[in-house]
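Have a look at structure08.csv; it's CSV, C-alpha atoms and all ligand atoms:
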```csv
chain,number,residue,atom,x,y,z
A,1299,MET,CA,0.0,0.0,0.0
A,1300,SER,CA,1.4,3.4,-0.9
A,1301,GLU,CA,2.3,5.9,1.8
A,1302,LYS,CA,0.0,8.8,2.5
A,1303,TRP,CA,1.0,12.2,3.8
A,1304,ASN,CA,-1.3,14.9,5.1
A,1305,ILE,CA,-0.3,18.2,3.5
A,1306,ILE,CA,-1.8,21.7,3.2
A,1307,LEU,CA,-1.9,22.9,-0.4
A,1308,LYS,CA,-1.9,26.7,-0.6
A,1309,VAL,CA,-2.9,28.1,-4.0
A,1310,LEU,CA,-2.5,31.7,-4.9
A,1311,ARG,CA,-5.9,32.8,-6.2
A,1312,GLN,CA,-6.0,35.8,-8.5
A,1313,LYS,CA,-9.1,36.7,-10.5
A,1314,GLN,CA,-9.7,39.9,-12.4
A,1315,GLY,CA,-11.1,42.6,-10.2
A,1316,GLU,CA,-10.4,40.6,-7.0
A,1317,THR,CA,-7.6,40.9,-4.4
A,1318,SER,CA,-5.2,38.1,-4.6
A,1319,HIS,CA,-5.1,35.7,-1.6
A,1320,PHE,CA,-4.1,32.1,-0.8
A,1321,ASP,CA,-6.8,29.4,-0.5
A,1322,GLU,CA,-5.8,26.4,1.6
A,1323,TYR,CA,-6.9,22.8,1.0
A,1324,LYS,CA,-6.1,19.8,3.3
A,1325,MET,CA,-4.9,17.0,1.1
A,1326,ASP,CA,-3.8,13.4,1.3
A,1327,ALA,CA,-0.7,13.0,-0.9
A,1328,ASP,CA,1.5,10.1,-1.8
A,1329,PRO,CA,5.1,11.3,-1.5
A,1330,ASP,CA,5.8,9.6,-4.8
A,1331,GLU,CA,3.2,11.4,-6.8
A,1332,TYR,CA,3.7,14.7,-8.5
A,1333,VAL,CA,2.7,18.2,-7.5
A,1334,LEU,CA,0.5,18.5,-10.6
A,1335,ASP,CA,-1.4,15.4,-9.5
A,1336,VAL,CA,-2.3,17.1,-6.2
A,1337,VAL,CA,-3.4,20.3,-8.0
A,1338,GLU,CA,-5.5,18.3,-10.3
A,1339,ARG,CA,-7.2,16.5,-7.4
A,1340,VAL,CA,-8.1,19.9,-5.8
A,1341,TRP,CA,-9.7,20.9,-9.1
A,1342,ALA,CA,-11.5,17.5,-9.5
A,1343,PHE,CA,-12.8,17.1,-6.0
A,1344,LYS,CA,-12.6,20.3,-4.0
A,1345,ASP,CA,-12.7,23.5,-6.1
A,1346,ARG,CA,-13.6,23.6,-9.8
A,1347,THR,CA,-12.7,27.3,-10.0
A,1348,VAL,CA,-8.9,26.8,-9.6
A,1349,CYS,CA,-7.3,27.6,-12.9
A,1350,PHE,CA,-4.0,26.0,-14.0
A,1351,ARG,CA,-2.4,24.8,-17.2
A,1352,HIS,CA,-1.3,21.2,-18.0
A,1353,ALA,CA,-1.2,18.9,-21.0
A,1354,CYS,CA,1.3,16.2,-21.6
A,1355,HIS,CA,2.2,15.1,-18.0
A,1356,HIS,CA,5.6,14.0,-19.1
A,1357,SER,CA,7.7,17.2,-19.3
A,1358,THR,CA,7.4,17.7,-23.0
A,1359,CYS,CA,4.8,20.5,-23.5
A,1360,GLY,CA,6.1,22.9,-20.8
A,1361,ALA,CA,2.6,23.9,-19.9
A,1362,CYS,CA,2.6,23.2,-16.1
A,1363,GLY,CA,5.3,25.4,-14.9
A,1364,MET,CA,4.6,27.0,-11.5
A,1365,ARG,CA,6.4,28.3,-8.4
A,1366,VAL,CA,6.3,25.6,-5.8
A,1367,ASN,CA,7.4,26.6,-2.3
A,1368,ASP,CA,9.2,29.6,-3.9
A,1369,ALA,CA,11.1,27.8,-6.6
A,1370,GLU,CA,10.2,27.3,-10.3
A,1371,LYS,CA,9.2,23.8,-11.1
A,1372,LEU,CA,7.7,21.8,-13.9
A,1373,THR,CA,5.0,20.3,-11.7
A,1374,CYS,CA,4.4,17.2,-13.8
A,1375,ILE,CA,7.9,15.9,-12.9
A,1376,THR,CA,8.3,17.3,-9.4
A,1377,TYR,CA,7.7,14.7,-6.7
A,1378,ILE,CA,5.8,15.7,-3.6
A,1379,ARG,CA,8.7,14.3,-1.5
A,1380,GLU,CA,11.1,16.7,-3.1
A,1381,VAL,CA,9.2,19.8,-2.0
A,1382,THR,CA,7.5,19.1,1.2
A,1383,ARG,CA,7.1,16.5,4.1
A,1384,ASP,CA,4.3,14.8,6.0
A,1385,GLY,CA,2.4,17.5,7.7
A,1386,GLY,CA,4.0,20.1,5.6
A,1387,THR,CA,2.8,22.9,3.3
A,1388,LEU,CA,2.8,23.0,-0.5
A,1389,LYS,CA,2.5,26.5,-1.8
A,1390,VAL,CA,1.8,26.9,-5.5
A,1391,GLU,CA,2.0,30.3,-7.3
A,1392,PRO,CA,2.1,31.3,-11.0
A,1393,LEU,CA,5.4,32.0,-12.8
A,1394,ARG,CA,6.8,35.5,-12.3
A,1395,ASN,CA,7.6,38.0,-15.0
A,1396,PHE,CA,4.5,37.1,-17.0
A,1397,PRO,CA,1.1,38.7,-16.7
A,1398,VAL,CA,-1.3,36.6,-14.7
A,1399,VAL,CA,-4.5,35.5,-16.6
A,1400,SER,CA,-6.1,33.7,-13.7
A,1401,ASP,CA,-4.8,31.9,-10.6
A,1402,LEU,CA,-1.8,29.8,-11.8
A,1403,VAL,CA,-2.2,30.6,-15.5
A,1404,VAL,CA,0.1,33.2,-17.0
A,1405,ASP,CA,0.1,34.8,-20.5
A,1406,MET,CA,3.2,33.3,-22.2
A,1407,GLY,CA,2.7,35.5,-25.3
A,1408,SER,CA,5.8,37.6,-24.8
A,1409,LEU,CA,8.0,34.5,-24.8
A,1410,TYR,CA,6.4,33.1,-28.0
A,1411,ARG,CA,6.6,36.5,-29.8
A,1412,ARG,CA,10.3,36.9,-28.9
A,1413,LEU,CA,11.1,33.4,-30.0
A,1414,GLU,CA,9.5,34.2,-33.3
A,1415,ALA,CA,11.5,37.5,-33.5
A,1416,VAL,CA,14.7,35.5,-33.4
A,1417,GLY,CA,13.4,33.0,-36.0
A,1418,ALA,CA,12.5,30.2,-33.6
A,1419,ARG,CA,8.8,29.9,-34.2
A,1420,SER,CA,7.1,27.3,-31.9
A,1421,VAL,CA,4.5,26.4,-34.5
A,1422,LEU,CA,4.9,26.7,-38.2
A,1423,PRO,CA,2.0,28.0,-40.3
A,1424,ALA,CA,0.5,25.1,-42.1
A,1425,PRO,CA,1.8,25.9,-45.7
A,1426,GLU,CA,5.3,26.3,-44.3
A,1427,ALA,CA,5.2,23.1,-42.3
A,1428,GLU,CA,5.1,21.2,-45.6
A,1429,ILE,CA,8.4,22.4,-46.9
A,1430,GLU,CA,11.9,21.5,-45.7
A,1431,LYS,CA,13.2,24.9,-44.9
A,1432,PRO,CA,10.7,27.7,-44.3
A,1433,PRO,CA,11.5,31.2,-45.6
A,1434,SER,CA,13.0,33.1,-42.7
A,1435,ARG,CA,15.2,36.0,-41.7
A,1436,TRP,CA,18.3,33.9,-42.4
A,1437,SER,CA,20.5,34.5,-45.4
A,1438,SER,CA,20.3,31.9,-48.2
A,1439,ASP,CA,23.5,30.0,-47.2
A,1440,ASP,CA,22.1,29.3,-43.7
A,1441,GLU,CA,22.0,25.5,-43.3
A,1442,GLN,CA,19.7,25.2,-40.3
A,1443,TYR,CA,16.5,26.8,-39.2
A,1444,ILE,CA,17.0,28.1,-35.7
A,1445,ARG,CA,15.1,26.1,-33.1
A,1446,LEU,CA,16.6,24.9,-29.9
A,1447,ALA,CA,15.0,21.5,-29.8
A,1448,ASP,CA,15.7,20.8,-26.2
A,1449,CYS,CA,13.8,23.9,-25.0
A,1450,ILE,CA,10.2,23.1,-24.1
A,1451,GLU,CA,9.4,26.8,-23.8
A,1452,CYS,CA,8.1,26.4,-20.3
A,1453,GLY,CA,9.1,29.9,-19.1
A,1454,LEU,CA,10.7,28.7,-15.8
A,1455,CYS,CA,14.0,30.4,-16.7
A,1456,ILE,CA,12.2,33.7,-17.2
A,1457,SER,CA,10.4,33.5,-14.0
A,1458,ALA,CA,13.6,32.7,-12.1
A,1459,CYS,CA,15.6,35.5,-13.9
A,1460,PRO,CA,16.4,38.6,-11.8
A,1461,ALA,CA,17.2,40.5,-14.9
A,1462,ALA,CA,13.8,39.7,-16.5
A,1463,ALA,CA,12.2,41.2,-13.4
A,1464,THR,CA,14.0,44.5,-14.1
A,1465,SER,CA,12.8,45.0,-17.7
A,1466,SER,CA,9.8,43.6,-19.6
A,1467,ASP,CA,11.8,44.2,-22.8
A,1468,TYR,CA,14.6,41.8,-21.9
A,1469,LEU,CA,14.8,39.0,-24.5
A,1470,GLY,CA,15.3,36.6,-21.7
A,1471,PRO,CA,17.2,33.3,-21.2
A,1472,ALA,CA,15.2,31.0,-23.5
A,1473,VAL,CA,15.2,33.4,-26.4
A,1474,LEU,CA,18.9,34.2,-26.1
A,1475,ALA,CA,19.6,30.4,-25.8
A,1476,GLY,CA,17.7,29.9,-29.0
A,1477,ALA,CA,19.8,32.6,-30.7
A,1478,GLN,CA,23.0,31.0,-29.5
A,1479,ALA,CA,22.0,27.7,-30.9
A,1480,ASN,CA,22.4,29.3,-34.4
A,1481,GLY,CA,26.1,29.8,-33.8
A,1482,LEU,CA,27.7,32.5,-35.9
A,1483,LYS,CA,25.0,32.7,-38.4
A,1484,LEU,CA,23.5,35.8,-36.9
A,1485,ASN,CA,22.4,38.2,-39.5
A,1486,PRO,CA,22.9,41.9,-38.9
A,1487,GLU,CA,19.3,42.5,-37.6
A,1488,LEU,CA,19.5,39.7,-35.1
A,1489,LEU,CA,23.0,40.5,-34.2
A,1490,ASN,CA,21.8,44.0,-33.2
A,1491,MET,CA,18.9,42.6,-31.4
A,1492,VAL,CA,20.9,40.3,-29.1
A,1493,ASP,CA,23.9,42.7,-28.9
A,1494,SER,CA,21.9,45.3,-26.9
A,1495,GLU,CA,20.8,46.5,-23.5
A,1496,ASP,CA,17.8,44.2,-23.6
A,1497,GLY,CA,19.9,41.3,-25.1
A,1498,VAL,CA,22.9,39.5,-23.7
A,1499,TRP,CA,24.2,42.5,-21.8
A,1500,ARG,CA,21.3,42.7,-19.4
A,1501,CYS,CA,22.2,39.2,-18.1
A,1502,HIS,CA,23.8,39.4,-14.6
A,1503,SER,CA,25.4,35.9,-15.0
A,1504,ALA,CA,23.5,34.7,-11.9
A,1505,PHE,CA,22.7,31.3,-13.5
A,1506,GLU,CA,19.3,31.1,-11.9
A,1507,CYS,CA,17.9,30.1,-15.3
A,1508,THR,CA,20.2,27.2,-15.6
A,1509,ALA,CA,19.4,26.1,-12.1
A,1510,VAL,CA,15.6,25.8,-12.8
A,1511,CYS,CA,15.7,24.6,-16.4
A,1512,PRO,CA,14.0,21.1,-16.5
A,1513,SER,CA,15.5,20.4,-19.9
A,1514,PHE,CA,19.2,20.9,-19.3
A,1515,VAL,CA,19.3,23.6,-21.9
A,1516,ASP,CA,21.8,25.6,-19.7
A,1517,PRO,CA,20.7,29.0,-21.0
A,1518,ALA,CA,23.2,30.9,-18.9
A,1519,ARG,CA,26.1,29.2,-20.4
A,1520,ARG,CA,24.6,29.8,-23.9
A,1521,ILE,CA,24.3,33.5,-23.1
A,1522,MET,CA,27.9,33.6,-22.1
A,1523,ASP,CA,28.8,31.9,-25.3
A,1524,LEU,CA,26.7,34.3,-27.3
A,1525,ARG,CA,28.6,37.2,-25.8
A,1526,THR,CA,31.8,35.6,-27.0
A,1527,GLN,CA,30.3,35.1,-30.5
A,1528,ILE,CA,29.1,38.7,-30.6
A,1529,PHE,CA,32.5,40.0,-29.5
A,1530,LYS,CA,34.3,38.0,-32.2
A,1531,GLU,CA,31.8,39.1,-34.8
A,1532,ARG,CA,32.2,42.8,-33.9
A,1533,VAL,CA,36.0,42.6,-33.8
A,1534,GLY,CA,36.0,40.7,-37.0
A,1535,GLY,CA,33.8,43.3,-38.6
A,1536,LEU,CA,36.3,46.0,-37.6
A,1537,PHE,CA,39.1,44.1,-39.4
A,1538,ARG,CA,36.8,43.5,-42.5
A,1539,LYS,CA,36.2,47.2,-42.7
A,1540,ALA,CA,39.9,48.1,-42.4
B,1601,LIG,S1,15.5,27.3,-21.5
B,1601,LIG,FE1,14.8,25.7,-20.1
B,1601,LIG,S2,13.6,26.8,-18.5
B,1601,LIG,FE2,13.9,28.2,-20.2
B,1601,LIG,S3,12.0,27.9,-21.4
B,1601,LIG,FE3,13.5,26.5,-22.3
B,1601,LIG,S4,13.2,24.5,-21.2
B,1601,LIG,FE4,12.1,26.1,-20.0
```
Would you mind writing the file's structure down as structure tokens?
Ligand code: SF4
Amino acid sequence: MSEKWNIILKVLRQKQGETSHFDEYKMDADPDEYVLDVVERVWAFKDRTVCFRHACHHSTCGACGMRVNDAEKLTCITYIREVTRDGGTLKVEPLRNFPVVSDLVVDMGSLYRRLEAVGARSVLPAPEAEIEKPPSRWSSDDEQYIRLADCIECGLCISACPAAATSSDYLGPAVLAGAQANGLKLNPELLNMVDSEDGVWRCHSAFECTAVCPSFVDPARRIMDLRTQIFKERVGGLFRKA
């Protein structure tokens, strides 16, 4: 028989026009189940008004990111025993640095728009999906279409990023990691975009993004590498002009 813990689930509730507050639910939880399972049980058996996102349940879609006891987690792969104890509290909040839609649901539109701006579109329009290499902002000799396959676009890195909290215009770790994945194939427009105050230079090298990334993308290292690429490109440009 599986072990059962008694825990208190605290959910940050935020509806339009209402003051935000925590609702508490007494729950039985198996330490070997996932945080998302417990949130789903609250919705299924205790409170149908709790809003949250989820889809694949196996860390592929990136939909179920939340802050769990003050740390960014992909809740479908975060065991209860990792984040609380028998008799303990499980506090769940929405990701930071995104507008809240309702309760635990945030608007990820800014991430998707920025990924598209650096050529890493999450979803290809139907006609383009048919062809091998979609028309893009890359020059004709570009071999690869920029897309960082490991990134599940969950937004955890942006929520954890202290620099993202200082500017809503910051491109952010996931987008800069996507740009880095393209190596030195930056075209001038993209080079200017990433070589800017709201590009790689806003990063404080704190590595919080890498610490929370559930996909081992290591965005902080990629940002450092992108800085090196930019430096080489700029210095090389000076010599090309001379
Ligand atoms: S870099 Fe990692 S944490 Fe950031 S969006 Fe991609 S998978 Fe999520």
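A straight line drawn from atom CA of A:Cys1511 to atom CA of A:Asp1330 is 21.4 Å long.
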**Prompt:** Neighbours of A:Val1473 within 12 Å (all atoms listed in the file; same-chain residues fewer than 6 positions away dropped), as a PyMOL selection string?
**Reply:** chain A and resi 1408-1420+1444-1446+1449-1453+1455-1456+1462+1467+1479-1480+1488+1491-1492+1496-1498+1507+1515+1517-1518+1520-1521+1524
Could you write those residues out with C-alpha atoms, as a tab-separated table (two decimals), keeping the file's coordinate frame?
```
chain	number	residue	atom	x	y	z
A	1408	SER	CA	5.80	37.60	-24.80
A	1409	LEU	CA	8.00	34.50	-24.80
A	1410	TYR	CA	6.40	33.10	-28.00
A	1411	ARG	CA	6.60	36.50	-29.80
A	1412	ARG	CA	10.30	36.90	-28.90
A	1413	LEU	CA	11.10	33.40	-30.00
A	1414	GLU	CA	9.50	34.20	-33.30
A	1415	ALA	CA	11.50	37.50	-33.50
A	1416	VAL	CA	14.70	35.50	-33.40
A	1417	GLY	CA	13.40	33.00	-36.00
A	1418	ALA	CA	12.50	30.20	-33.60
A	1419	ARG	CA	8.80	29.90	-34.20
A	1420	SER	CA	7.10	27.30	-31.90
A	1444	ILE	CA	17.00	28.10	-35.70
A	1445	ARG	CA	15.10	26.10	-33.10
A	1446	LEU	CA	16.60	24.90	-29.90
A	1449	CYS	CA	13.80	23.90	-25.00
A	1450	ILE	CA	10.20	23.10	-24.10
A	1451	GLU	CA	9.40	26.80	-23.80
A	1452	CYS	CA	8.10	26.40	-20.30
A	1453	GLY	CA	9.10	29.90	-19.10
A	1455	CYS	CA	14.00	30.40	-16.70
A	1456	ILE	CA	12.20	33.70	-17.20
A	1462	ALA	CA	13.80	39.70	-16.50
A	1467	ASP	CA	11.80	44.20	-22.80
A	1479	ALA	CA	22.00	27.70	-30.90
A	1480	ASN	CA	22.40	29.30	-34.40
A	1488	LEU	CA	19.50	39.70	-35.10
A	1491	MET	CA	18.90	42.60	-31.40
A	1492	VAL	CA	20.90	40.30	-29.10
A	1496	ASP	CA	17.80	44.20	-23.60
A	1497	GLY	CA	19.90	41.30	-25.10
A	1498	VAL	CA	22.90	39.50	-23.70
A	1507	CYS	CA	17.90	30.10	-15.30
A	1515	VAL	CA	19.30	23.60	-21.90
A	1517	PRO	CA	20.70	29.00	-21.00
A	1518	ALA	CA	23.20	30.90	-18.90
A	1520	ARG	CA	24.60	29.80	-23.90
A	1521	ILE	CA	24.30	33.50	-23.10
A	1524	LEU	CA	26.70	34.30	-27.30
```
**Message:** Given all atoms listed in the file as the basis, pick out the residue of A:Met1325, A:Val1337, A:Ala1369, A:Ala1447 nearest to ligand LIG 1601 (chain B).
**Reply:** A:Ala1447
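If all atoms listed in the file are the atoms counted, then among A:Arg1346, A:Arg1519, A:His1502, A:Lys1308 the closest residue to ligand LIG 1601 (chain B) is A:Arg1519.
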**Prompt:** Skipping near chain neighbours, those fewer than 4 positions away, what residues fall within 10 Å of A:Pro1512 using only C-alpha atoms, listed as a PyMOL selection string?
**Reply:** chain A and resi 1357-1358+1360+1363+1370-1372+1375-1376+1448-1450+1452+1454-1455+1507-1508+1516
Hey, what's within 12 Å of A:Val1404 if we count only C-alpha atoms and toss same-chain stuff fewer than 6 positions away? As a PDB file with C-alpha atoms, in the coordinates of the input, please?
```pdb
ATOM      1  CA  GLN A1312      -6.000  35.800  -8.500  1.00  0.00           C
ATOM      2  CA  LYS A1313      -9.100  36.700 -10.500  1.00  0.00           C
ATOM      3  CA  CYS A1349      -7.300  27.600 -12.900  1.00  0.00           C
ATOM      4  CA  PHE A1350      -4.000  26.000 -14.000  1.00  0.00           C
ATOM      5  CA  ARG A1351      -2.400  24.800 -17.200  1.00  0.00           C
ATOM      6  CA  ALA A1361       2.600  23.900 -19.900  1.00  0.00           C
ATOM      7  CA  CYS A1362       2.600  23.200 -16.100  1.00  0.00           C
ATOM      8  CA  GLY A1363       5.300  25.400 -14.900  1.00  0.00           C
ATOM      9  CA  MET A1364       4.600  27.000 -11.500  1.00  0.00           C
ATOM     10  CA  ARG A1365       6.400  28.300  -8.400  1.00  0.00           C
ATOM     11  CA  GLU A1391       2.000  30.300  -7.300  1.00  0.00           C
ATOM     12  CA  PRO A1392       2.100  31.300 -11.000  1.00  0.00           C
ATOM     13  CA  LEU A1393       5.400  32.000 -12.800  1.00  0.00           C
ATOM     14  CA  ARG A1394       6.800  35.500 -12.300  1.00  0.00           C
ATOM     15  CA  ASN A1395       7.600  38.000 -15.000  1.00  0.00           C
ATOM     16  CA  PHE A1396       4.500  37.100 -17.000  1.00  0.00           C
ATOM     17  CA  PRO A1397       1.100  38.700 -16.700  1.00  0.00           C
ATOM     18  CA  VAL A1398      -1.300  36.600 -14.700  1.00  0.00           C
ATOM     19  CA  CYS A1452       8.100  26.400 -20.300  1.00  0.00           C
ATOM     20  CA  GLY A1453       9.100  29.900 -19.100  1.00  0.00           C
ATOM     21  CA  LEU A1454      10.700  28.700 -15.800  1.00  0.00           C
ATOM     22  CA  SER A1457      10.400  33.500 -14.000  1.00  0.00           C
TER      23      SER A1457
END
```
**Request:** For atom CA of A:Cys1374 and atom CA of A:His1356, determine how far apart the two atoms are, in Å to one decimal place.
**Result:** 6.3 Å
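A straight line drawn from atom CA of A:Tyr1332 to atom CA of A:Val1381 is 9.9 Å long.
Among the candidates A:Glu1338, A:Gln1478, A:Glu1331, A:Thr1347, the one nearest to ligand LIG 1601 (chain B) when counting all atoms listed in the file is A:Gln1478.
Distances here use all atoms listed in the file; by that measure, the residue among A:Ser1300, A:Asp1401, A:Leu1334, A:His1352 closest to A:Asp1321 is A:Asp1401.
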In file coordinates, which residues lie within 9 Å of (22.3, 35.7, -11.6) using only C-alpha atoms, given as a PDB file with C-alpha atoms, in the coordinates of the input?
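Written file, result_17.pdb:
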```pdb
ATOM      1  CA  CYS A1459      15.600  35.500 -13.900  1.00  0.00           C
ATOM      2  CA  PRO A1460      16.400  38.600 -11.800  1.00  0.00           C
ATOM      3  CA  ALA A1461      17.200  40.500 -14.900  1.00  0.00           C
ATOM      4  CA  CYS A1501      22.200  39.200 -18.100  1.00  0.00           C
ATOM      5  CA  HIS A1502      23.800  39.400 -14.600  1.00  0.00           C
ATOM      6  CA  SER A1503      25.400  35.900 -15.000  1.00  0.00           C
ATOM      7  CA  ALA A1504      23.500  34.700 -11.900  1.00  0.00           C
ATOM      8  CA  PHE A1505      22.700  31.300 -13.500  1.00  0.00           C
ATOM      9  CA  GLU A1506      19.300  31.100 -11.900  1.00  0.00           C
ATOM     10  CA  CYS A1507      17.900  30.100 -15.300  1.00  0.00           C
ATOM     11  CA  ALA A1518      23.200  30.900 -18.900  1.00  0.00           C
TER      12      ALA A1518
END
```
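Proximity of A:Leu1469, A:Arg1532, A:Asn1490, A:Ile1306 to ligand LIG 1601 (chain B), computed with only C-alpha atoms and all ligand atoms, is greatest for A:Leu1469.
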